Structure formats: structure tokens, C-alpha cells
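Enquirer: Input structure: start_38.txt, which contains compact mmCIF, C-alpha atoms.
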# COMPACT_ATOMS: atom_id res chain seq x y z
CA MET A 237 8.43 9.63 -5.09
CA LEU A 238 7.51 6.03 -5.88
CA LEU A 239 8.24 3.03 -3.66
CA LEU A 240 8.51 -0.28 -5.53
CA THR A 241 8.44 -3.52 -3.60
CA SER A 242 7.14 -7.08 -3.42
CA ASP A 243 6.82 -10.32 -1.46
CA PHE A 244 6.27 -9.27 2.15
CA HIS A 245 4.94 -12.77 2.97
CA LEU A 246 3.13 -11.48 6.04
CA GLY A 247 2.46 -14.41 8.35
CA TYR A 248 5.65 -16.27 7.50
CA GLY A 249 7.14 -17.97 10.56
CA TYR A 250 3.95 -17.65 12.58
CA ASN A 251 4.23 -19.16 16.07
CA THR A 252 8.03 -19.33 15.82
CA GLU A 253 10.85 -17.09 17.00
CA ARG A 254 10.66 -15.33 13.62
CA GLU A 255 6.92 -14.56 13.60
CA LYS A 256 7.38 -10.77 13.88
CA ASP A 257 10.21 -10.52 11.32
CA CYS A 258 7.86 -10.23 8.34
CA PHE A 259 6.40 -7.01 9.81
CA PHE A 260 9.76 -5.14 9.99
CA VAL A 261 9.26 -3.83 6.45
CA LEU A 262 5.91 -2.23 7.33
CA ASP A 263 7.50 0.05 9.93
CA GLU A 264 10.30 0.95 7.50
CA ILE A 265 7.86 1.93 4.74
CA LEU A 266 5.72 4.06 7.06
CA LYS A 267 8.80 6.22 7.69
CA GLU A 268 9.15 7.01 3.98
CA GLN A 269 7.74 10.20 2.41
CA THR A 270 6.43 8.46 -0.69
CA ASP A 271 3.52 9.34 -2.99
CA LEU A 272 2.65 5.91 -4.42
CA ILE A 273 3.50 2.35 -3.37
CA LEU A 274 3.62 -0.25 -6.15
CA PHE A 275 3.51 -3.86 -4.95
CA ALA A 276 4.21 -6.92 -7.11
CA GLY A 277 2.41 -9.69 -5.23
CA ASP A 278 2.55 -12.02 -2.20
CA LEU A 279 1.57 -9.53 0.48
CA PHE A 280 0.61 -12.60 2.53
CA ASP A 281 2.29 -15.96 2.99
CA SER A 282 -1.07 -17.74 3.05
CA ARG A 283 -4.19 -17.66 0.93
CA VAL A 284 -6.26 -17.47 4.11
CA PRO A 285 -4.12 -15.43 6.54
CA ARG A 286 -4.73 -15.66 10.28
CA LEU A 287 -6.75 -12.81 11.74
CA GLU A 288 -3.70 -11.59 13.69
CA VAL A 289 -1.76 -11.29 10.42
CA LEU A 290 -4.66 -9.71 8.56
CA ALA A 291 -5.01 -7.15 11.37
CA GLU A 292 -1.35 -6.10 10.99
CA ALA A 293 -1.80 -5.65 7.24
CA MET A 294 -4.98 -3.62 7.70
CA ASN A 295 -3.33 -1.45 10.34
CA PHE A 296 -0.43 -0.73 7.95
CA LEU A 297 -2.71 0.08 5.01
CA SER A 298 -4.91 2.28 7.24
CA LYS A 299 -1.88 4.28 8.39
CA LEU A 300 -1.04 4.95 4.73
CA LYS A 301 -4.42 6.72 4.52
CA GLU A 302 -3.19 9.23 7.13
CA LYS A 303 -0.08 10.17 5.13
CA LYS A 304 0.14 12.86 2.43
CA SER A 305 0.65 12.21 -1.26
CA GLU A 306 1.11 14.57 -4.21
CA ALA A 307 -0.17 11.94 -6.65
CA LYS A 308 -3.43 12.90 -8.35
CA PHE A 309 -5.73 10.21 -9.73
CA ILE A 310 -6.56 10.58 -13.43
CA GLU A 311 -8.26 7.39 -14.58
CA CYS A 312 -8.55 3.64 -14.15
CA ASP A 313 -10.01 1.12 -16.59
CA LYS A 314 -12.10 -0.44 -13.82
CA GLU A 315 -14.33 0.92 -11.06
CA ILE A 316 -12.41 1.47 -7.83
CA ASN A 317 -13.30 2.30 -4.25
CA LYS A 318 -12.51 6.02 -3.88
CA ARG A 319 -11.30 5.39 -0.30
CA ALA A 320 -8.34 3.52 -1.78
CA LEU A 321 -7.12 6.85 -3.23
CA HIS A 322 -6.92 8.58 0.15
CA GLY A 323 -3.46 9.21 1.59
CA VAL A 324 -0.74 7.18 -0.12
CA PRO A 325 -2.37 4.76 -2.62
CA PHE A 326 -1.16 1.14 -2.44
CA ILE A 327 -1.34 -0.34 -5.96
CA SER A 328 -1.04 -4.12 -5.91
CA ILE A 329 -1.39 -7.37 -7.77
CA TYR A 330 -1.91 -10.70 -6.01
CA GLY A 331 0.76 -13.40 -6.10
CA ASN A 332 0.76 -17.18 -6.17
CA HIS A 333 0.59 -17.37 -2.36
CA GLU A 334 -2.71 -15.44 -2.45
CA ARG A 335 -4.44 -16.75 -5.54
CA ARG A 336 -7.52 -18.86 -4.86
CA ALA A 337 -9.15 -20.62 -7.79
CA ASN A 338 -12.72 -19.34 -8.22
CA LEU A 339 -12.74 -17.87 -4.69
CA ILE A 340 -12.08 -14.36 -3.40
CA ASN A 341 -8.51 -13.93 -2.14
CA PRO A 342 -7.21 -11.67 0.66
CA ILE A 343 -5.98 -8.95 -1.73
CA GLN A 344 -9.40 -8.71 -3.33
CA SER A 345 -10.94 -8.54 0.16
CA LEU A 346 -8.71 -5.60 1.12
CA GLU A 347 -9.62 -3.90 -2.14
CA LYS A 348 -13.33 -4.19 -1.33
CA ALA A 349 -12.57 -2.45 1.99
CA GLY A 350 -10.93 0.43 0.09
CA LEU A 351 -7.48 -0.25 1.57
CA LEU A 352 -5.67 -0.92 -1.72
CA ILE A 353 -6.18 -1.14 -5.48
CA ASN A 354 -5.69 -4.55 -7.09
CA LEU A 355 -4.91 -4.82 -10.79
CA HIS A 356 -5.39 -7.85 -13.00
CA CYS A 357 -4.94 -7.12 -16.69
CA GLN A 358 -5.81 -3.50 -15.91
CA LYS A 359 -4.13 -0.12 -15.55
CA ILE A 360 -4.45 3.01 -13.45
CA VAL A 361 -3.03 6.48 -14.23
CA PHE A 362 -1.87 9.21 -11.84
CA GLU A 363 -0.26 12.61 -12.27
CA LEU A 364 2.76 13.36 -10.09
CA ASN A 365 4.92 16.48 -10.29
CA GLY A 366 3.59 17.29 -13.75
CA GLU A 367 4.26 13.76 -15.10
CA LYS A 368 1.78 11.00 -15.88
CA ILE A 369 2.45 7.69 -14.11
CA ALA A 370 0.66 4.73 -15.75
CA ILE A 371 0.68 1.54 -13.69
CA HIS A 372 -0.33 -1.68 -15.45
CA GLY A 373 -0.74 -4.96 -13.56
CA MET A 374 -1.28 -8.67 -14.20
CA SER A 375 -1.85 -10.70 -11.04
CA TYR A 376 -0.39 -14.19 -10.81
CA VAL A 377 -1.67 -16.88 -13.16
CA PRO A 378 -0.44 -20.50 -13.27
CA GLU A 379 2.87 -20.54 -15.10
CA LYS A 380 1.63 -22.62 -18.02
CA TYR A 381 -0.86 -19.85 -18.88
CA SER A 382 1.37 -16.82 -18.21
CA ARG A 383 2.52 -16.15 -21.76
CA ASP A 384 -0.96 -16.68 -23.24
CA VAL A 385 -2.65 -14.38 -20.70
CA LEU A 386 -0.01 -11.67 -21.13
CA THR A 387 -0.26 -11.95 -24.94
CA GLU A 388 -4.07 -11.79 -24.91
CA TRP A 389 -4.09 -8.81 -22.54
CA ASN A 390 -1.36 -7.13 -24.63
CA PRO A 391 -0.76 -4.05 -22.43
CA LYS A 392 0.23 -0.89 -24.29
CA PRO A 393 2.26 1.96 -22.75
CA VAL A 394 0.33 5.19 -22.26
CA PRO A 395 1.83 7.92 -24.50
CA ASP A 396 3.76 10.72 -22.77
CA ALA A 397 3.79 8.88 -19.44
CA LYS A 398 6.14 6.86 -17.26
CA ASN A 399 4.85 3.31 -17.70
CA ILE A 400 5.33 0.62 -15.06
CA LEU A 401 4.15 -2.97 -15.41
CA LEU A 402 3.61 -5.22 -12.35
CA LEU A 403 4.02 -9.00 -12.72
CA HIS A 404 4.40 -11.98 -10.41
CA GLN A 405 5.75 -14.80 -12.57
CA ASN A 406 8.83 -16.84 -13.37
CA ILE A 407 10.71 -15.16 -16.20
CA GLU A 408 13.48 -17.19 -17.79
CA PRO A 409 16.28 -17.27 -16.67
CA PHE A 410 14.97 -15.92 -13.33
CA ILE A 411 12.92 -18.63 -11.64
CA TYR A 412 11.95 -19.30 -8.02
CA SER A 413 13.25 -22.88 -8.21
CA PRO A 414 14.90 -24.99 -10.97
CA LEU A 415 12.09 -27.51 -10.41
CA GLU A 416 9.35 -25.02 -11.28
CA ASP A 417 7.77 -24.53 -14.67
CA VAL A 418 8.68 -21.42 -16.61
CA ASN A 419 6.77 -20.23 -19.64
CA LEU A 420 7.77 -16.57 -19.96
CA LYS A 421 11.04 -15.34 -21.41
CA ILE A 422 12.44 -11.83 -21.34
CA SER A 423 11.74 -11.66 -25.08
CA ASP A 424 8.02 -12.26 -24.35
CA LEU A 425 7.72 -9.16 -22.18
CA PRO A 426 5.83 -6.24 -23.75
CA LYS A 427 7.93 -3.45 -25.19
CA GLY A 428 7.98 0.24 -24.33
CA PHE A 429 7.70 0.06 -20.53
CA ASP A 430 10.06 2.13 -18.41
CA ILE A 431 9.99 -0.43 -15.61
CA ILE A 432 8.70 -3.99 -15.34
CA LEU A 433 8.45 -4.80 -11.63
CA ASN A 434 8.36 -8.56 -11.10
CA GLY A 435 7.71 -10.31 -7.81
CA HIS A 436 7.96 -14.06 -7.01
CA ILE A 437 11.77 -14.17 -7.32
CA HIS A 438 13.14 -13.80 -3.78
CA PHE A 439 16.53 -12.31 -4.58
CA ARG A 440 17.10 -8.78 -5.86
CA ASN A 441 18.16 -8.16 -9.44
CA THR A 442 18.03 -5.40 -12.08
CA VAL A 443 18.23 -6.10 -15.81
CA GLN A 444 18.36 -3.57 -18.64
CA ILE A 445 15.83 -4.46 -21.35
CA GLY A 446 15.85 -2.04 -24.26
CA GLN A 447 15.28 1.45 -22.91
CA GLY A 448 13.65 0.13 -19.75
CA LYS A 449 14.49 -2.01 -16.72
CA LEU A 450 13.30 -5.32 -15.34
CA LEU A 451 13.32 -4.93 -11.55
CA MET A 452 13.09 -7.81 -9.10
CA PRO A 453 13.07 -6.31 -5.60
CA GLY A 454 13.14 -9.75 -3.97
CA SER A 455 11.30 -10.75 -0.81
CA THR A 456 11.58 -8.56 2.27
CA ILE A 457 12.13 -11.59 4.52
CA PRO A 458 14.31 -14.68 3.94
CA THR A 459 12.03 -17.64 3.23
CA GLN A 460 13.98 -19.93 0.92
CA LEU A 461 17.03 -19.84 3.20
CA ASN A 462 19.44 -20.74 0.42
CA LYS A 463 22.97 -19.48 -0.16
CA LYS A 464 21.85 -16.67 -2.48
CA GLU A 465 19.53 -15.23 0.20
CA SER A 466 22.47 -15.10 2.59
CA GLU A 467 24.48 -13.01 0.11
CA ILE A 468 21.91 -10.43 -1.06
CA ARG A 469 20.42 -7.92 1.39
CA LYS A 470 16.67 -7.36 1.58
CA GLY A 471 14.90 -4.06 0.90
CA TYR A 472 12.87 -2.09 -1.66
CA PHE A 473 13.39 0.35 -4.54
CA ILE A 474 12.82 4.10 -4.34
CA LEU A 475 12.22 6.00 -7.59
CA ASN A 476 12.56 9.76 -7.51
CA ARG A 477 14.84 11.44 -9.99
CA GLU A 478 16.83 8.21 -10.05
CA LEU A 479 16.34 4.63 -8.95
CA LYS A 480 17.85 3.57 -5.63
CA PHE A 481 17.70 0.42 -3.52
CA LYS A 482 17.21 0.84 0.21
CA GLU A 483 18.08 -1.92 2.67
CA ILE A 484 15.70 -2.68 5.53
CA LYS A 485 16.05 -3.97 9.08
CA GLN A 486 16.36 -7.75 9.20
CA ARG A 487 18.09 -10.56 10.99
CA ASP A 488 21.51 -11.51 9.70
CA PHE A 489 21.36 -14.78 7.79
CA TYR A 490 24.36 -17.11 7.51
CA TYR A 491 24.63 -20.14 5.24
CA LYS A 492 27.40 -22.61 6.06
CA VAL A 493 28.41 -25.94 4.50
CA ALA A 494 30.28 -28.23 6.91
CA GLU A 495 31.34 -31.83 7.42
CA ARG A 496 32.83 -31.97 10.93
CA LYS A 497 31.60 -30.98 14.38
CA GLU A 498 34.75 -28.89 14.93
CA GLU A 499 34.00 -26.91 11.78
CA ILE A 500 30.48 -26.10 12.96
CA GLU A 501 31.53 -25.16 16.49
CA GLU A 502 34.35 -22.93 15.28
CA PHE A 503 31.94 -21.08 13.01
CA LEU A 504 29.31 -20.62 15.73
CA LYS A 505 31.84 -19.45 18.35
CA ASN A 506 33.17 -16.71 16.07
CA LEU A 507 29.82 -15.16 15.11
CA LYS A 508 29.54 -11.47 15.94
CA ASN A 509 26.91 -10.38 18.45
CA SER A 510 23.85 -8.64 17.05
CA GLU A 511 20.61 -7.08 18.29
CA LEU A 512 18.54 -9.86 16.72
CA LYS A 513 19.57 -13.49 16.88
CA PRO A 514 20.82 -14.39 13.38
CA ILE A 515 19.39 -17.17 11.26
CA ILE A 516 22.07 -19.81 10.78
CA LYS A 517 21.52 -22.57 8.24
CA ILE A 518 24.16 -25.29 8.24
CA LYS A 519 24.21 -27.81 5.44
CA ILE A 520 25.75 -31.05 6.74
CA LYS A 521 27.58 -33.19 4.21
CA ASN A 522 28.32 -36.11 6.55
CA THR A 523 25.90 -36.75 9.42
CA SER A 524 26.96 -40.26 10.41
CA ARG A 525 29.00 -39.14 13.44
CA LEU A 526 27.25 -35.90 14.33
CA ASP A 527 24.72 -35.50 17.13
CA LEU A 528 22.94 -32.36 15.93
CA ASN A 529 20.75 -32.19 19.04
CA ILE A 530 23.81 -31.65 21.25
CA ILE A 531 25.13 -28.89 18.95
CA GLU A 532 21.71 -27.21 18.83
CA LYS A 533 21.32 -27.19 22.63
CA LYS A 534 24.86 -25.90 23.16
CA TYR A 535 24.62 -22.99 20.69
CA ARG A 536 20.90 -22.14 20.58
CA GLU A 537 21.59 -18.73 22.15
CA ARG A 538 23.98 -17.85 19.31
CA GLY A 539 21.25 -17.91 16.71
CA ILE A 540 18.23 -19.62 15.17
CA LEU A 541 19.88 -22.85 14.05
CA ILE A 542 18.63 -24.79 11.04
CA PHE A 543 20.41 -27.99 10.03
CA LYS A 544 19.97 -29.52 6.62
CA LYS A 545 21.24 -33.03 6.01
CA GLU A 546 22.53 -33.58 2.52
CA MET A 547 20.77 -36.55 0.98
CA GLU A 548 19.78 -37.68 -2.46
CA ARG A 549 16.16 -37.23 -3.44
CA SER A 550 14.57 -38.18 -6.72
CA PHE A 551 13.77 -35.39 -9.14
CA GLU A 552 10.07 -36.26 -9.04
CA LYS A 553 9.98 -36.13 -5.22
CA GLN A 554 11.69 -32.72 -5.20
CA LYS A 555 9.26 -31.43 -7.83
CA THR A 556 6.27 -32.67 -5.82
CA GLU A 557 7.57 -30.86 -2.73
CA ILE A 558 7.98 -27.61 -4.68
CA LEU A 559 4.51 -27.91 -6.19
CA ARG A 560 2.94 -28.48 -2.77
CA LYS A 561 4.57 -25.30 -1.46
CA GLN A 562 3.33 -23.31 -4.45
CA MET A 563 -0.25 -24.63 -4.41
CA SER A 564 -3.12 -23.74 -2.16
CA ALA A 565 -4.78 -26.58 -0.27
CA GLU A 566 -7.69 -26.48 -2.72
CA GLU A 567 -5.41 -26.57 -5.76
CA TYR A 568 -3.45 -29.49 -4.32
CA GLY A 569 -6.69 -31.27 -3.45
CA MET A 570 -7.94 -30.85 -7.01
CA LYS A 571 -4.67 -32.20 -8.36
CA LEU A 572 -4.91 -35.32 -6.18
CA LEU A 573 -8.59 -35.86 -7.02
CA LYS A 574 -7.84 -35.74 -10.73
CA GLU A 575 -4.83 -38.05 -10.43
CA LYS A 576 -6.23 -40.58 -7.95
CA SER A 577 -9.92 -40.78 -8.80
CA LYS A 578 -12.06 -41.25 -11.87
CA PHE A 579 -14.67 -38.78 -10.60
CA LYS A 580 -15.34 -36.55 -13.59
CA ASP A 581 -16.46 -33.42 -11.66
CA SER A 582 -13.56 -33.35 -9.19
CA ASP A 583 -13.02 -29.57 -9.49
CA GLU A 584 -16.66 -28.80 -8.76
CA LEU A 585 -16.79 -31.31 -5.88
CA LEU A 586 -13.79 -29.79 -4.10
CA ASN A 587 -15.12 -26.25 -4.51
CA LEU A 588 -18.44 -27.31 -2.99
CA ILE A 589 -16.62 -28.91 -0.05
CA ILE A 590 -14.52 -25.78 0.51
CA GLU A 591 -17.67 -23.63 0.45
CA ASP A 592 -19.46 -25.96 2.94
CA ASP A 593 -22.25 -26.48 0.41
CA PHE A 594 -23.65 -29.75 1.80
CA ALA A 595 -26.69 -29.72 -0.48
CA GLY A 596 -24.47 -29.15 -3.52
CA VAL A 597 -22.11 -31.99 -2.57
CA GLU A 598 -25.01 -34.37 -2.02
CA LYS A 599 -26.65 -33.47 -5.34
CA LEU A 600 -23.39 -33.72 -7.32
CA LEU A 601 -22.53 -37.13 -5.84
CA LYS A 602 -26.08 -38.39 -6.37
CA ASP A 603 -26.12 -37.23 -10.02
CA ASN A 604 -22.75 -38.85 -10.71
CA PHE A 605 -23.66 -42.18 -9.11
CA GLU A 606 -27.01 -42.29 -10.92
CA GLU A 607 -25.26 -41.62 -14.22
CA LYS A 608 -22.73 -44.36 -13.46
CA GLU A 609 -25.49 -46.86 -12.68
CA LYS A 610 -27.13 -46.14 -16.06
CA GLN A 611 -23.94 -46.99 -17.94
CA PRO A 612 -23.86 -50.52 -19.47
CA THR A 613 -21.66 -53.01 -17.63
Could you take the file, read its structure, and then write that structure out as C-alpha cells?

Expert:
Amino acid sequence: MLLLTSDFHLGYGYNTEREKDCFFVLDEILKEQTDLILFAGDLFDSRVPRLEVLAEAMNFLSKLKEKKSEAKFIECDKEINKRALHGVPFISIYGNHERRANLINPIQSLEKAGLLINLHCQKIVFELNGEKIAIHGMSYVPEKYSRDVLTEWNPKPVPDAKNILLLHQNIEPFIYSPLEDVNLKISDLPKGFDIILNGHIHFRNTVQIGQGKLLMPGSTIPTQLNKKESEIRKGYFILNRELKFKEIKQRDFYYKVAERKEEIEEFLKNLKNSELKPIIKIKIKNTSRLDLNIIEKKYRERGILIFKKEMERSFEKQKTEILRKQMSAEEYGMKLLKEKSKFKDSDELLNLIIEDDFAGVEKLLKDNFEEKEKQPT
């Protein structure tokens, strides 16, 4: 049996009432009698996860080593740590939340420890119940390069095998946000794969493409908190003789649009009781006469209340906010250095700062200033 999933975002909501919610899925998966776990990116919510979060991930992956699997390793087109094959193998790609430009990311660190197998423009083949299972994976690349990288890699299905491709990209018309770039279309996807498992998109969807399927399992925790996330349950796919979706434990999430205080209070009073306090996002159309602090104090025991005031924002401002969420601190720093300064080696400078290379920073700055002084005025 195969378990196909994505976007755990471990560490999301840290130091809030929701900080343990992202770990619900780990307990659910450990109950499954699966042979292989295929993961399509964003195991972590941060490129440098807190040690407490990293410890939970390592504990989960270590427990997979204690479970039994009927999958037999055949080959991989890269050298792998044999420890990663013990128990139930966890085959992963890294997502945009984990990618670090020119620096090792947390998925690669876990691979070095033999806790998982990370694929980037590579494949691995297993035999399960007399059938070959070929898993191909391309870890996240910036959207503007996605089509070119996929085209250059040009993955080919393994003959006489079930072929599964892991991606973590926007694929038109399925995009994380309308403000994000999208470079891949369904027509750009390689042909002949039984399943293309794509992460990044946080709502579940299944699309028939030729003889195969494009699967988007969605995130296992609500992070965008939009209306669509309130309508589609979270979970993962199980593939045995047939493909099934299995819902997981989670908080209920309600999305409400309101204008008047009476509307809000009526909605909150009528909520059903549940084991976990629900997440309640209320979009306010008219805030001029509403004291949201009073409402929050009065009904805070009914749920985790999130109020969003409806206001106009420029397209550019919205796009900047989206980009900041999608970039690492180093990527955002590089972007600002390039935009705001005329320093020609901005990428190298920021990498040296991140790596605490004082000597390198000093030398680079000295070389640049000396070169500038030599230029005619």
C-alpha cells in the first residue's frame, strides 16, 4: 500500500493555541499499515525549523523505521543512505518553504541522517507485490524556472512499472494565490505517468490527464484560512488496489462574511460544541461601528477567532505580501539588495553574511570599494 501526501507545514502556528495541530497528521500516519510514503514537499513551515519542531519530525521518521514494509529496493539513480530504506521508506522532495538558495535545507539534512530519501530530478524504483513502483521527483524551483527545469530533466516512465512523479509547483489553473507567478501548464507535464502528485496547492483536487491522474492532496493543516479551506476536508491519499482519500483529525474551520454585530453573535452562539476549539475566521465588510475587541473577549471560548477587515489594497502591495511569505529571509534580502543598492555582488555578500564569514565579507567589500575608487569620475 502507498500513502501519498504533502504539505505538513510542521511548525505552523508555533507559540499559539494551534502549535500542536500540525502534528496531528503524524499520529494518523503512524497508525497506517503502509509500505511506502510519498511526500510532495513542505514538510516544514520554515527553512530553519525550531529544534522542538525538528525533534518531532525526527521522532516520526524514526518510528517509521520500526514499522514493516513489503517494498523491496531495486535501484536509485543517486547514492542513498541505506538506513533510509529500513522500515517504511519516506520518499520526499523539498518545497518552497524549505528551499534555501546555495545552502543545505532541512530535508537534505534529514536525508544525510538516513531518515528519508530526497529526490531532485532523480528517480528511485521499488518492487511491491510483484509490481515495480518507480518514483520520480523534482524538488521546488522558483516558478519562472519550473518549465525549463522540468523540460531539461525530461523524466521518462520506467517500462512495465507504476510511475509516480512528485512535484511542488503552481500548475495552471491550480495556483496557490492569484498573485503568484505560474509557468507550468497541465499540457507541459510529462506524459505516461500513472500519477503526478503535486504539493504547494493547499486544497485537495484530482484531475484526469490522459490515462493518468494529477493528484493534489492539499495541506494537512489550514494555513491560508480562506473560504475554500473551510469547505474541503484535510487528509491524504491511500493507493492499494484503488485510490482513496482519507480524512484526518483536525479542528473545524468556519469562514463567515458579516456586516453587523448581531450577525456575528448569532453565528457564534449557534456553533456546535467540539473536542477542539474551532478556527473561526470572520470577514467584516463594515467595521465603522464594530468593536471587535468586545466580541473577541465575549466569545473567545467558542473558538479561535480571526477577524479580517475588508479594505482595498493595491495589486502591487498584495503581490509584495505574497512574495514575502513565499521567500526565505535570504531570498528576500537578496531581492531588496538588488532593488535598493548598486552593489554588484549582492548575492555573494548576503550569502557571506548568512554564513557568518566575516573575513569573506570584509574582503568582498574591500575589493568592491577599491574597484569603485579606480573608476574615472

Enquirer: For A:Ile437, work out the shell of residues within 10 Å, counting only C-alpha atoms and skipping chain neighbours fewer than 5 positions away, then give it as a list in words.

Expert: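 Skipping anything fewer than 5 positions along the chain leaves Ser242, Asp243, His404, Gln405, Asn406, Ile407, Phe410, Ile411, Tyr412, Ser413, Met452, Pro453, Gly454 and Ser455 of chain A.
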
Enquirer: How about saving the chosen residues, C-alpha atoms kept, as a CSV table (one decimal), in the frame of the given file?

Expert:
chain,number,residue,atom,x,y,z
A,242,SER,CA,7.1,-7.1,-3.4
A,243,ASP,CA,6.8,-10.3,-1.5
A,404,HIS,CA,4.4,-12.0,-10.4
A,405,GLN,CA,5.8,-14.8,-12.6
A,406,ASN,CA,8.8,-16.8,-13.4
A,407,ILE,CA,10.7,-15.2,-16.2
A,410,PHE,CA,15.0,-15.9,-13.3
A,411,ILE,CA,12.9,-18.6,-11.6
A,412,TYR,CA,12.0,-19.3,-8.0
A,413,SER,CA,13.2,-22.9,-8.2
A,452,MET,CA,13.1,-7.8,-9.1
A,453,PRO,CA,13.1,-6.3,-5.6
A,454,GLY,CA,13.1,-9.8,-4.0
A,455,SER,CA,11.3,-10.8,-0.8

Enquirer: Tell me, as an MDAnalysis selection string, which residues lie within 12 Å of stretch 251-253 of chain A, counting all atoms listed in the file; anything in the same chain fewer than 6 positions away does not count.

Expert: chainID A and resid 286 288:289 487 512:515 536 539:541

Enquirer: Rounded to one decimal place, report the atom CA of A:Lys464-atom CA of A:Val493 distance in Å.

Expert: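 Taking atom CA of A:Lys464 as the start and atom CA of A:Val493 as the end point, the length is 13.3 Å.
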
Enquirer: Hey, can you check how far atom CA of A:Leu507 sits from atom CA of A:Ala494?

Expert: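 These atoms are spaced 15.4 Å apart.
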
Enquirer: Using only C-alpha atoms, what does the table of stretch 329-372 of chain A residues within 12 Å of stretch 259-271 of chain A look like, with each row giving the shortest atom pair and its distance in Å to one decimal, sorted by chain and ascending number, as CSV?

Expert:
residue,atom,partner,partner_atom,distance
A:Phe362,CA,A:Asp271,CA,10.4
A:Glu363,CA,A:Asp271,CA,10.5
A:Leu364,CA,A:Asp271,CA,8.2
A:Asn365,CA,A:Asp271,CA,10.3
A:Ile369,CA,A:Asp271,CA,11.3

Enquirer: Given only C-alpha atoms as the basis, pick out the residue of A:Leu274, A:Leu601, A:Val361, A:Ile520 nearest to A:Ile329.

Expert: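 Distance minimum relative to A:Ile329 lands on A:Leu274.
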
Enquirer: So, with only C-alpha atoms as the atoms that count, which of A:Asn354, A:Asn434, A:Ser466, A:Asn295 lies closest to A:Leu451?

Expert: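 Using only C-alpha atoms, the shortest distance to A:Leu451 belongs to A:Asn434.
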
Enquirer: Considering all atoms listed in the file, state which residue in the set A:Ile316, A:Val443, A:Leu272, A:Ala397 is at the smallest distance from A:Gly366.

Expert: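 Closest candidate: A:Ala397.
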
Enquirer: Got a sec: who's within 10 Å of A:Pro395, counting all atoms listed in the file, leaving out chain neighbours fewer than 5 positions off, as a list in words?

Expert: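 After dropping sequence-adjacent residues, the list is Lys368, Ala370 and Gly428 of chain A.
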
Enquirer: Using all atoms listed in the file for the distances, tell me which of A:Val284, A:Ile310, A:Ile371, A:Val377 is nearest to A:Gln344.

Expert: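 Closest to A:Gln344, using all atoms listed in the file: A:Val284.
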
Enquirer: When you draw a straight line from atom CA of A:Asp430 to atom CA of A:Ile445, how long is it in Å?

Expert: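 Separation of atom CA of A:Asp430 and atom CA of A:Ile445: 9.2 Å.
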
Enquirer: When you count all atoms listed in the file, which of these residues is closest to A:His322: A:Lys348, A:Arg383, A:His438, A:Lys304?

Expert: A:Lys304

Enquirer: Nearest residue to A:Ile484 out of A:Gln447, A:Thr456, A:Gln358, A:Asn462, using all atoms listed in the file?

Expert: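 The answer is A:Thr456, which sits nearest to A:Ile484.
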
Enquirer: Any idea what's packed within 12 Å of A:Pro426, counting all atoms listed in the file, ignoring anything in its chain fewer than 4 positions away? Could you give it as number ranges by chain?

Expert: A: 372, 383, 386-393, 399-403, 420-422, 430-432, 445-446, 448-450

Enquirer: Do you have, as CSV, the list of residues of stretch 323-349 of chain A lying at most 12 Å from stretch 246-250 of chain A, each with its nearest atom pair and that distance in Å to one decimal, counting only C-alpha atoms and ordered by chain then number?

Expert:
residue,atom,partner,partner_atom,distance
A:His333,CA,A:Leu246,CA,10.6
A:Glu334,CA,A:Leu246,CA,11.0
A:Pro342,CA,A:Leu246,CA,11.7

Enquirer: Keeping only C-alpha atoms, write the selected residues to a file as a short mmCIF file (atom, residue, chain, number, x, y, z; two decimals), in the frame of the given file.

Expert:
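What landed in part34.cif:
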data_model
loop_
_atom_site.label_atom_id
_atom_site.label_comp_id
_atom_site.auth_asym_id
_atom_site.auth_seq_id
_atom_site.Cartn_x
_atom_site.Cartn_y
_atom_site.Cartn_z
CA HIS A 333 0.59 -17.37 -2.36
CA GLU A 334 -2.71 -15.44 -2.45
CA PRO A 342 -7.21 -11.67 0.66
#
